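Notes to accompany the following structure.
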Number of protein chains: 4
Amino acid sequence: MRIDLNSDMGESYGRYTLGEDAELMRSVTSVNVACGWHAGDPAVMRQTVAAAKAANVRVGAHPSYPDHLGFGRREMALTRQEARDYTLYQLGALHAFAAAQGVPLQHVKAHGAFYNVAVRDREIALGIAEAMAEFDPRLIMVGLPDSELLRAAKTLGLRAAREGFADRAYNEDGTLVSRKEPGAVIHDAEAVVARVLAMVRGKVTAITGKVIPITVETICLHGDTPGAAELARRIRQALEAAAIQVVPLESLVA
Amino acid sequence: MRIDLNSDMGESYGRYTLGEDAELMRSVTSVNVACGWHAGDPAVMRQTVAAAKAANVRVGAHPSYPDHLGFGRREMALTRQEARDYTLYQLGALHAFAAAQGVPLQHVKAHGAFYNVAVRDREIALGIAEAMAEFDPRLIMVGLPDSELLRAAKTLGLRAAREGFADRAYNEDGTLVSRKEPGAVIHDAEAVVARVLAMVRGKVTAITGKVIPITVETICLHGDTPGAAELARRIRQALEAAAIQVVPLESLVA
Amino acid sequence: MRIDLNSDMGESYGRYTLGEDAELMRSVTSVNVACGWHAGDPAVMRQTVAAAKAANVRVGAHPSYPDHLGFGRREMALTRQEARDYTLYQLGALHAFAAAQGVPLQHVKAHGAFYNVAVRDREIALGIAEAMAEFDPRLIMVGLPDSELLRAAKTLGLRAAREGFADRAYNEDGTLVSRKEPGAVIHDAEAVVARVLAMVRGKVTAITGKVIPITVETICLHGDTPGAAELARRIRQALEAAAIQVVPLESLVA
Amino acid sequence: MRIDLNSDMGESYGRYTLGEDAELMRSVTSVNVACGWHAGDPAVMRQTVAAAKAANVRVGAHPSYPDHLGFGRREMALTRQEARDYTLYQLGALHAFAAAQGVPLQHVKAHGAFYNVAVRDREIALGIAEAMAEFDPRLIMVGLPDSELLRAAKTLGLRAAREGFADRAYNEDGTLVSRKEPGAVIHDAEAVVARVLAMVRGKVTAITGKVIPITVETICLHGDTPGAAELARRIRQALEAAAIQVVPLESLVA
């Protein structure tokens with residue numbers, strides 16, 4: 001059994017520091033690097049790629065709506081073409097920092113509300129996939145299982161990776177419980193670790209208590225909450241103790 | 001005798017239209033495409049690259065200070081590392097739109113105050129050149145003859161192109177007369193055409209009246225003034241009538 | 001019979017010029033001045049207030065979503081508190097330029113998608129109204145008749161002005177035909193002039209052909225389309241020829 | 001003997017938190033509130049004004065260059081008119097949040113590089129003073145003693161307050177030692193406290209060891225360094241123990 005662990009990184013900006021990137025980098029195998037539109041800046045992008053390279057962690061782009069003030073967490077009504085152009089711009093900017101350091105880009109994971117909208121909106125998902133396909137068809141799309149994101153990847157001939165969330169509650173249909181509802185985020189570290197192990201084995205307990213099947217190639221560890229790095233360390237340790245290999249995404253998707 | 005003609009393009013933004021790009025594209029051989037920091041946006045970048053490709057015109061990046069409000073025309077105190085990171089970010093963003101359309105990037109020409117400062121400031125010039133060298137060492141640096149920009153290119157092993165300005169007055173030492181001084185910009189179309197022909201032949205009349213030597217591989221035609229496209233057409237015509245070949249930069253620099 | 005004519009102005013930005021403000025200022029009685037978030041900048045705001053003062057035209061704020069790239073025309077998912085804070089920020093910024101020139105602010109008209117959303121979304125409309133009430137309770141809210149914008153104004157004790165659109169088609173229920181549908185915008189100048197006269201008299205022909213009642217205190221003349229100033233001139237002339245007084249909003253609402 | 005203590009506040013932004021505002025608010029008598037151009041956002045501005053009001057601390061504006069990425073710490077070449085327009089915009093935005101809460105604005109202190117440039121550049125200083133004078137002539141200009149900032153205030157008929165820096169080294173001529181030089185910032189808490197007491201009594205030891213005279217009405221306590229709130233508490237305590245009254249600026253300038 002094998003799994004990839006991914007985390008958002010490079011979300012510091014100018015005078016502002018966010019996240020425990022250095023510590024977290026030791027536990028994950030893939031990082032989603034902010035491209036300057038919701039977070040990150042050119043200096044942070046360079047440093048984050050360098051840190052990932054030093055830690056032998058794979059690098060992906062984390063494109064966002066143009067909403068710095070809202071940290072990319074607010075839905076915006078884009079057209080498919082805008083989604084495509086905005087993704088391509090951010091992908092290219094990050095690629096430059098990666099290429100300059102001899103690091104290939106492994107994947108693209110849309111950020112925040114851009115991700116959430118693309119899970120259900122076929123047009124936005126296609127815009128993102130089109131940007132990936134026209135720039136580098138080897139890029140892997142990361143998205144929720146059974147989402148428009150992954151369908152768009154298939155349509156464009158891209159590889160796709162199904163993603164689970166370590167600390168989020170699930171509905172019985174496999175969608176995430178909205179953050180607006182109570183219990184949407186799981187704060188108990190023991191529970192989070194146990195859920196990760198279960199997910200890797202193909203199961204997750206929905207918020208109703210029912211155990212549902214789930215298949216994922218990567219699990220998202222949130223990085224911007226206090227204690228995130230410590231939790232990631234425990235998850236990684238538990239996986240290894242259970243003889244589950246933690247490997248980069250690219251070795252898990254065909 | 002051969003010369004490249006370059007012009008700034010893709011400076012429209014969102015709801016705002018600027019320049020006579022479509023007409024101008026017929027007269028020049030290289031375009032400097034705004035990368036979204038002083039002008040341009042992802043949609044405009046895509047369209048500008050497509051138009052250049054259709055017109056068989058070479059594409060370069062036109063990186064700027066982060067100063068949208070001031071159109072990149074105000075000096076900012078950057079460090080060398082900031083100049084490098086900002087250039088790399090913009091270069092990468094434009095590269096994505098070019099690569100997606102199968103168009104190679106030919107050159108980099110810094111925009112506005114970023115250019116003017118880098119002409120005289122070795123650190124800023126080196127920052128720009130370092131970004132080019134680490135991203136793609138085949139890129140050509142465009143700059144004023146005898147400037148820090150061109151010296152930085154040499155230091156980094158990059159090809160460099162000397163640039164003349166069709167409508168700008170020169171001091172006797174080959175520097176441009178500051179825009180703040182009277183007579184800095186030449187508005188008479190006949191005079192501009194005559195100066196271009198003279199420059200290609202190695203001479204330009206300084207503001208003092210003295211004829212000075214000048215060697216350039218490319219001449220900049222401004223695109224955002226009324227009548228710019230018509231003036232460019234006349235210059236191109238005059239060059240061809242004088243049996244001077246107008247060819248892309250890349251065929252003029254070793 | 002009396003009516004106010006309003007138009008969006010001050011939408012130039014930095015190097016970019018938009019609209020025929022100077023000419024249009026002669027025909028209208030109230031202007032909605034961009035506050036820098038979708039368009040406008042501090043220099044443009046100062047100049048627009050000065051031009052309105054010189055033309056004896058009333059000044060209002062035209063706050064927007066934080067979406068410069070999209071010119072404020074894309075819906076964004078804001079909270080009521082964000083709508084309130086963003087409106088207050090922009091209102092204050094414009095107020096400073098007005099106060100510095102001894103010009104009182106007459107009204108607030110939300111811009112673009114912010115307006116369209118607030119027409120139907122009670123929370124966003126209340127956020128806008130709350131900002132107005134806490135800053136200056138004499139401000140007049142401008143909005144579509146029977147909209148949440150006007151209901152929010154009443155709730156907060158603000159004066160409200162019902163607005164008609166000179167060049168937009170109406171549904172039978174008095175709402176505007178979506179711009180995505182054919183015939184949504186009326187381009188024929190004669191027709192536009194005739195519709196304005198009819199609206200002032202309490203009637204408008206819906207897109208179905210049915211004549212519906214409408215009561216408005218102000219009519220919006222679009223300013224950023226070619227020929228806008230000329231059309232405004234004809235509308236003003238037609239109104240005066242019909243002995244309809246064109247007066248500022250503040251003299252029309254109690 | 002009496003002194004005002006001021007600190008920069010409201011420099012959080014969107015998802016990013018900066019500074020120990022809540023704790024620091026207990027030790028100072030005046031706060032300089034970021035206006036969204038280098039830091040701060042509408043929500044943070046509202047909250048910062050509310051916190052200052054609750055703590056009975058006076059509020060001033062802290063306008064900046066338009067340089068979010070550089071936190072307003074990089075010099076930009078503005079014209080006097082731009083300095084005026086930018087100050088007025090930010091002043092107005094903050095004023096709205098203050099007025100909505102019934103809080104008058106007490107002063108204006110330019111931020112970062114805008115302050116440093118205006119200390120020595122008469123045109124920029126005049127631009128700032130003009131914005132203050134045209135908006136509210138009762139506003140107090142805060143600046144380095146013997147600076148262009150204070151001269152501009154006098155020219156425009158504004159009240160002016162001389163400012164000392166608790167943790168910065170001084171040259172013998174009363175200017176600050178550049179941050180680029182060693183010893184420019186004093187990190188030893190005991191030393192900082194002692195220097196504050198000395199400054200209030202009219203003396204400061206220059207970096208050369210020579211004691212020079214200094215007269216200040218306000219002392220700046222930096223807020224964005226670790227331990228800032230604790231240091232501020234000690235300074236306040238030491239001042240009170242020495243029977244020096246800590247009072248708002250407005251009671252110290254005529």
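Every chain in the structure tokens takes a letter, A first, then B, and so on in the order presented; its residues are numbered from 1, and the ligands are numbered from 1 following the presented order.
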Legend entry - All strand (DSSP E or B) residues (DSSP, backbone) inside segment 32-118 of chain D, as a list in words: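 The strand (DSSP E or B) subset of segment 32-118 of chain D is Asn32, Val33, Ala34, Arg58, Val59, Gly60, Ala61, His62, Met76, Leu105, Gln106, His107 and Val108 of chain D.
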Legend entry - Surrounding residues of Pro104 of chain D excluding itself and chain neighbours under 3 positions, 8 Å, only C-alpha atoms, as a list in words: Val59, His95, Ala98 and Ala99 of chain D
Hand me chain A as it sits after a least-squares fit onto chain D over every Cα, paired in order, written as an mmCIF file with C-alpha atoms, in the first residue's frame.
```cif
data_model
loop_
_atom_site.group_PDB
_atom_site.id
_atom_site.type_symbol
_atom_site.label_atom_id
_atom_site.label_comp_id
_atom_site.auth_asym_id
_atom_site.auth_seq_id
_atom_site.Cartn_x
_atom_site.Cartn_y
_atom_site.Cartn_z
ATOM 1 C CA MET A 1 7.110 66.542 32.029
ATOM 2 C CA ARG A 2 4.834 64.914 29.518
ATOM 3 C CA ILE A 3 5.196 62.676 26.468
ATOM 4 C CA ASP A 4 3.058 60.839 23.924
ATOM 5 C CA LEU A 5 3.854 57.239 22.967
ATOM 6 C CA ASN A 6 2.920 56.188 19.435
ATOM 7 C CA SER A 7 2.968 52.879 17.637
ATOM 8 C CA ASP A 8 2.077 51.556 14.191
ATOM 9 C CA MET A 9 -0.980 49.307 14.267
ATOM 10 C CA GLY A 10 -3.542 47.642 12.071
ATOM 11 C CA GLU A 11 -0.886 46.058 9.874
ATOM 12 C CA SER A 12 -2.584 42.693 9.637
ATOM 13 C CA TYR A 13 -4.078 41.933 6.209
ATOM 14 C CA GLY A 14 -6.610 39.372 5.061
ATOM 15 C CA ARG A 15 -5.367 35.960 6.161
ATOM 16 C CA TYR A 16 -2.195 37.456 7.651
ATOM 17 C CA THR A 17 -1.741 38.585 11.245
ATOM 18 C CA LEU A 18 1.043 40.969 12.242
ATOM 19 C CA GLY A 19 1.878 42.740 15.471
ATOM 20 C CA GLU A 20 0.754 42.520 19.079
ATOM 21 C CA ASP A 21 -1.845 45.271 18.735
ATOM 22 C CA ALA A 22 -4.107 44.252 21.604
ATOM 23 C CA GLU A 23 -1.333 44.216 24.209
ATOM 24 C CA LEU A 24 0.488 47.229 22.799
ATOM 25 C CA MET A 25 -2.699 49.284 22.906
ATOM 26 C CA ARG A 26 -2.424 49.291 26.714
ATOM 27 C CA SER A 27 0.893 51.134 26.724
ATOM 28 C CA VAL A 28 0.606 53.815 24.038
ATOM 29 C CA THR A 29 -1.442 56.997 23.778
ATOM 30 C CA SER A 30 -1.557 57.363 19.975
ATOM 31 C CA VAL A 31 -1.704 54.795 17.185
ATOM 32 C CA ASN A 32 -0.815 55.115 13.507
ATOM 33 C CA VAL A 33 -3.333 53.002 11.614
ATOM 34 C CA ALA A 34 -2.381 51.424 8.283
ATOM 35 C CA CYS A 35 -4.747 52.429 5.483
ATOM 36 C CA GLY A 36 -4.575 49.441 3.148
ATOM 37 C CA TRP A 37 -1.712 50.484 0.894
ATOM 38 C CA HIS A 38 1.249 48.847 2.652
ATOM 39 C CA ALA A 39 -0.815 46.860 5.157
ATOM 40 C CA GLY A 40 -4.238 46.793 6.752
ATOM 41 C CA ASP A 41 -7.558 46.169 5.056
ATOM 42 C CA PRO A 42 -11.081 47.494 5.643
ATOM 43 C CA ALA A 43 -11.882 44.882 8.296
ATOM 44 C CA VAL A 44 -8.608 45.462 10.115
ATOM 45 C CA MET A 45 -9.092 49.233 9.950
ATOM 46 C CA ARG A 46 -12.520 48.951 11.543
ATOM 47 C CA GLN A 47 -11.228 46.677 14.298
ATOM 48 C CA THR A 48 -8.163 48.771 14.998
ATOM 49 C CA VAL A 49 -10.198 51.952 15.373
ATOM 50 C CA ALA A 50 -12.607 50.089 17.660
ATOM 51 C CA ALA A 51 -9.748 48.781 19.797
ATOM 52 C CA ALA A 52 -8.191 52.243 20.034
ATOM 53 C CA LYS A 53 -11.526 53.739 21.018
ATOM 54 C CA ALA A 54 -12.025 51.095 23.706
ATOM 55 C CA ALA A 55 -8.525 51.770 25.048
ATOM 56 C CA ASN A 56 -9.033 55.553 24.899
ATOM 57 C CA VAL A 57 -6.045 55.826 22.578
ATOM 58 C CA ARG A 58 -5.898 58.511 19.850
ATOM 59 C CA VAL A 59 -6.044 57.509 16.204
ATOM 60 C CA GLY A 60 -3.956 58.798 13.312
ATOM 61 C CA ALA A 61 -3.487 57.792 9.690
ATOM 62 C CA HIS A 62 -0.394 55.936 8.518
ATOM 63 C CA PRO A 63 -0.392 56.468 4.746
ATOM 64 C CA SER A 64 2.093 54.683 2.523
ATOM 65 C CA TYR A 65 3.430 54.288 -0.972
ATOM 66 C CA PRO A 66 1.318 51.900 -3.081
ATOM 67 C CA ASP A 67 3.658 48.999 -2.341
ATOM 68 C CA HIS A 68 1.961 46.112 -0.629
ATOM 69 C CA LEU A 69 4.578 43.614 -1.751
ATOM 70 C CA GLY A 70 7.369 45.716 -0.233
ATOM 71 C CA PHE A 71 5.369 46.741 2.865
ATOM 72 C CA GLY A 72 5.917 50.373 1.899
ATOM 73 C CA ARG A 73 9.590 50.143 2.745
ATOM 74 C CA ARG A 74 11.009 50.867 -0.716
ATOM 75 C CA GLU A 75 11.496 54.347 -2.062
ATOM 76 C CA MET A 76 9.352 55.236 -5.056
ATOM 77 C CA ALA A 77 9.752 58.318 -7.213
ATOM 78 C CA LEU A 78 6.451 60.163 -6.711
ATOM 79 C CA THR A 79 5.577 63.685 -7.669
ATOM 80 C CA ARG A 80 4.295 66.137 -5.071
ATOM 81 C CA GLN A 81 0.816 65.826 -6.541
ATOM 82 C CA GLU A 82 0.927 62.030 -6.303
ATOM 83 C CA ALA A 83 2.076 62.255 -2.681
ATOM 84 C CA ARG A 84 -0.859 64.582 -2.021
ATOM 85 C CA ASP A 85 -3.459 62.464 -3.812
ATOM 86 C CA TYR A 86 -2.267 59.200 -2.263
ATOM 87 C CA THR A 87 -2.245 60.682 1.227
ATOM 88 C CA LEU A 88 -5.708 62.136 0.781
ATOM 89 C CA TYR A 89 -7.125 58.830 -0.460
ATOM 90 C CA GLN A 90 -5.781 56.872 2.505
ATOM 91 C CA LEU A 91 -6.650 59.588 4.994
ATOM 92 C CA GLY A 92 -10.224 59.591 3.737
ATOM 93 C CA ALA A 93 -10.543 55.818 3.887
ATOM 94 C CA LEU A 94 -9.383 55.716 7.501
ATOM 95 C CA HIS A 95 -11.489 58.739 8.398
ATOM 96 C CA ALA A 96 -14.610 56.860 7.340
ATOM 97 C CA PHE A 97 -13.946 54.046 9.796
ATOM 98 C CA ALA A 98 -13.117 56.563 12.526
ATOM 99 C CA ALA A 99 -16.125 58.793 11.824
ATOM 100 C CA ALA A 100 -18.447 55.772 11.770
ATOM 101 C CA GLN A 101 -17.327 55.084 15.332
ATOM 102 C CA GLY A 102 -17.365 58.686 16.468
ATOM 103 C CA VAL A 103 -13.580 58.840 16.687
ATOM 104 C CA PRO A 104 -11.778 61.967 15.453
ATOM 105 C CA LEU A 105 -8.458 61.630 13.608
ATOM 106 C CA GLN A 106 -5.658 63.208 15.612
ATOM 107 C CA HIS A 107 -2.620 63.010 13.354
ATOM 108 C CA VAL A 108 -0.920 61.748 10.218
ATOM 109 C CA LYS A 109 2.353 59.880 10.229
ATOM 110 C CA ALA A 110 3.710 58.748 6.884
ATOM 111 C CA HIS A 111 4.812 55.119 6.782
ATOM 112 C CA GLY A 112 8.194 53.565 6.091
ATOM 113 C CA ALA A 113 9.997 54.843 3.020
ATOM 114 C CA PHE A 114 7.313 57.485 2.480
ATOM 115 C CA TYR A 115 8.266 58.940 5.882
ATOM 116 C CA ASN A 116 11.985 58.595 5.291
ATOM 117 C CA VAL A 117 11.842 60.312 1.922
ATOM 118 C CA ALA A 118 9.583 63.089 3.214
ATOM 119 C CA VAL A 119 12.040 63.775 6.032
ATOM 120 C CA ARG A 120 14.485 65.073 3.433
ATOM 121 C CA ASP A 121 12.382 65.807 0.322
ATOM 122 C CA ARG A 122 10.521 69.089 0.490
ATOM 123 C CA GLU A 123 8.180 68.305 -2.405
ATOM 124 C CA ILE A 124 6.957 65.007 -0.961
ATOM 125 C CA ALA A 125 6.596 66.549 2.491
ATOM 126 C CA LEU A 126 4.528 69.374 1.027
ATOM 127 C CA GLY A 127 2.317 66.900 -0.824
ATOM 128 C CA ILE A 128 1.533 65.124 2.443
ATOM 129 C CA ALA A 129 0.916 68.394 4.284
ATOM 130 C CA GLU A 130 -1.332 69.712 1.517
ATOM 131 C CA ALA A 131 -3.554 66.646 1.749
ATOM 132 C CA MET A 132 -3.861 67.135 5.489
ATOM 133 C CA ALA A 133 -4.594 70.847 5.189
ATOM 134 C CA GLU A 134 -7.247 70.420 2.529
ATOM 135 C CA PHE A 135 -8.978 67.608 4.409
ATOM 136 C CA ASP A 136 -8.778 68.742 8.029
ATOM 137 C CA PRO A 137 -6.440 71.553 9.121
ATOM 138 C CA ARG A 138 -6.577 70.388 12.743
ATOM 139 C CA LEU A 139 -4.593 67.244 11.940
ATOM 140 C CA ILE A 140 -1.131 67.041 13.514
ATOM 141 C CA MET A 141 1.846 66.127 11.357
ATOM 142 C CA VAL A 142 4.238 63.683 13.037
ATOM 143 C CA GLY A 143 7.853 63.707 11.868
ATOM 144 C CA LEU A 144 11.523 63.755 12.725
ATOM 145 C CA PRO A 145 12.670 67.013 14.400
ATOM 146 C CA ASP A 146 14.065 69.537 11.922
ATOM 147 C CA SER A 147 12.722 67.561 8.970
ATOM 148 C CA GLU A 148 11.036 68.697 5.761
ATOM 149 C CA LEU A 149 7.904 66.972 7.103
ATOM 150 C CA LEU A 150 7.690 69.406 9.982
ATOM 151 C CA ARG A 151 8.681 72.391 7.848
ATOM 152 C CA ALA A 152 5.925 71.508 5.381
ATOM 153 C CA ALA A 153 3.438 71.348 8.247
ATOM 154 C CA LYS A 154 4.441 74.839 9.347
ATOM 155 C CA THR A 155 4.181 76.126 5.778
ATOM 156 C CA LEU A 156 0.629 74.826 5.535
ATOM 157 C CA GLY A 157 -0.346 76.094 8.969
ATOM 158 C CA LEU A 158 -0.633 72.619 10.492
ATOM 159 C CA ARG A 159 0.362 71.641 13.988
ATOM 160 C CA ALA A 160 3.482 69.492 14.101
ATOM 161 C CA ALA A 161 4.849 66.958 16.565
ATOM 162 C CA ARG A 162 8.515 66.053 16.849
ATOM 163 C CA GLU A 163 9.126 62.333 17.103
ATOM 164 C CA GLY A 164 11.857 60.315 18.755
ATOM 165 C CA PHE A 165 12.596 56.637 18.189
ATOM 166 C CA ALA A 166 13.003 54.465 21.247
ATOM 167 C CA ASP A 167 15.111 51.775 19.653
ATOM 168 C CA ARG A 168 17.040 53.610 16.953
ATOM 169 C CA ALA A 169 20.576 54.971 17.077
ATOM 170 C CA TYR A 170 21.136 58.665 16.263
ATOM 171 C CA ASN A 171 23.893 60.454 14.405
ATOM 172 C CA GLU A 172 25.389 63.532 16.030
ATOM 173 C CA ASP A 173 23.291 65.789 13.820
ATOM 174 C CA GLY A 174 20.070 64.303 15.176
ATOM 175 C CA THR A 175 19.296 62.154 12.136
ATOM 176 C CA LEU A 176 18.738 58.420 12.458
ATOM 177 C CA VAL A 177 21.555 56.003 11.713
ATOM 178 C CA SER A 178 20.635 54.131 8.555
ATOM 179 C CA ARG A 179 19.293 50.643 9.140
ATOM 180 C CA LYS A 180 21.985 49.405 6.768
ATOM 181 C CA GLU A 181 24.692 50.339 9.270
ATOM 182 C CA PRO A 182 25.643 48.195 12.274
ATOM 183 C CA GLY A 183 24.154 49.335 15.556
ATOM 184 C CA ALA A 184 21.266 51.175 13.889
ATOM 185 C CA VAL A 185 18.687 49.331 15.967
ATOM 186 C CA ILE A 186 19.049 48.992 19.713
ATOM 187 C CA HIS A 187 17.917 45.589 20.911
ATOM 188 C CA ASP A 188 18.747 45.774 24.612
ATOM 189 C CA ALA A 189 15.543 46.497 26.506
ATOM 190 C CA GLU A 190 17.265 48.219 29.449
ATOM 191 C CA ALA A 191 19.061 50.537 27.061
ATOM 192 C CA VAL A 192 15.865 51.343 25.192
ATOM 193 C CA VAL A 193 14.045 52.214 28.399
ATOM 194 C CA ALA A 194 16.921 54.415 29.561
ATOM 195 C CA ARG A 195 17.037 56.207 26.194
ATOM 196 C CA VAL A 196 13.332 56.965 26.312
ATOM 197 C CA LEU A 197 13.703 58.561 29.748
ATOM 198 C CA ALA A 198 16.681 60.576 28.535
ATOM 199 C CA MET A 199 14.859 61.738 25.401
ATOM 200 C CA VAL A 200 11.916 62.986 27.405
ATOM 201 C CA ARG A 201 14.443 64.974 29.438
ATOM 202 C CA GLY A 202 15.919 66.453 26.260
ATOM 203 C CA LYS A 203 18.979 64.317 25.632
ATOM 204 C CA VAL A 204 20.059 61.310 23.631
ATOM 205 C CA THR A 205 23.447 59.650 23.273
ATOM 206 C CA ALA A 206 24.507 59.582 19.630
ATOM 207 C CA ILE A 207 26.167 56.503 18.148
ATOM 208 C CA THR A 208 29.514 58.260 18.567
ATOM 209 C CA GLY A 209 28.979 58.446 22.326
ATOM 210 C CA LYS A 210 28.360 62.177 22.337
ATOM 211 C CA VAL A 211 25.270 63.341 24.205
ATOM 212 C CA ILE A 212 23.159 65.576 21.974
ATOM 213 C CA PRO A 213 20.061 67.632 22.750
ATOM 214 C CA ILE A 214 16.689 66.428 21.428
ATOM 215 C CA THR A 215 13.185 67.745 21.908
ATOM 216 C CA VAL A 216 10.261 65.465 21.137
ATOM 217 C CA GLU A 217 6.549 65.406 21.843
ATOM 218 C CA THR A 218 6.090 61.741 20.912
ATOM 219 C CA ILE A 219 8.186 58.602 20.979
ATOM 220 C CA CYS A 220 7.691 55.780 18.508
ATOM 221 C CA LEU A 221 7.529 52.247 19.892
ATOM 222 C CA HIS A 222 7.868 49.619 17.227
ATOM 223 C CA GLY A 223 5.144 47.046 17.308
ATOM 224 C CA ASP A 224 6.012 44.359 14.835
ATOM 225 C CA THR A 225 9.038 42.851 16.566
ATOM 226 C CA PRO A 226 8.795 39.945 19.014
ATOM 227 C CA GLY A 227 8.470 41.212 22.558
ATOM 228 C CA ALA A 228 7.293 44.633 21.397
ATOM 229 C CA ALA A 229 4.324 44.722 23.743
ATOM 230 C CA GLU A 230 6.386 43.736 26.740
ATOM 231 C CA LEU A 231 9.002 46.386 25.962
ATOM 232 C CA ALA A 232 6.271 49.000 25.585
ATOM 233 C CA ARG A 233 4.862 48.006 28.955
ATOM 234 C CA ARG A 234 8.242 48.471 30.601
ATOM 235 C CA ILE A 235 8.742 51.874 28.955
ATOM 236 C CA ARG A 236 5.348 53.054 30.074
ATOM 237 C CA GLN A 237 6.033 51.834 33.604
ATOM 238 C CA ALA A 238 9.433 53.518 33.747
ATOM 239 C CA LEU A 239 7.927 56.796 32.556
ATOM 240 C CA GLU A 240 5.232 56.688 35.183
ATOM 241 C CA ALA A 241 7.725 55.713 37.880
ATOM 242 C CA ALA A 242 9.677 58.823 36.904
ATOM 243 C CA ALA A 243 6.543 60.933 37.279
ATOM 244 C CA ILE A 244 6.457 61.664 33.550
ATOM 245 C CA GLN A 245 2.888 61.954 32.302
ATOM 246 C CA VAL A 246 2.053 59.862 29.244
ATOM 247 C CA VAL A 247 -0.641 61.786 27.380
ATOM 248 C CA PRO A 248 -2.031 61.939 23.851
ATOM 249 C CA LEU A 249 -0.256 64.065 21.260
ATOM 250 C CA GLU A 250 -3.102 66.524 20.937
ATOM 251 C CA SER A 251 -2.538 67.818 24.456
ATOM 252 C CA LEU A 252 1.147 68.423 23.716
ATOM 253 C CA VAL A 253 1.085 70.493 20.556
ATOM 254 C CA ALA A 254 -0.326 73.965 20.312
#
```
Inset, instruction - Could you give me the residues within segment 15-118 of chain D that DSSP places in helix (DSSP H, G or I), as a PyMOL selection string? - result: chain D and resi 21-24+42-54+80-100+112-118
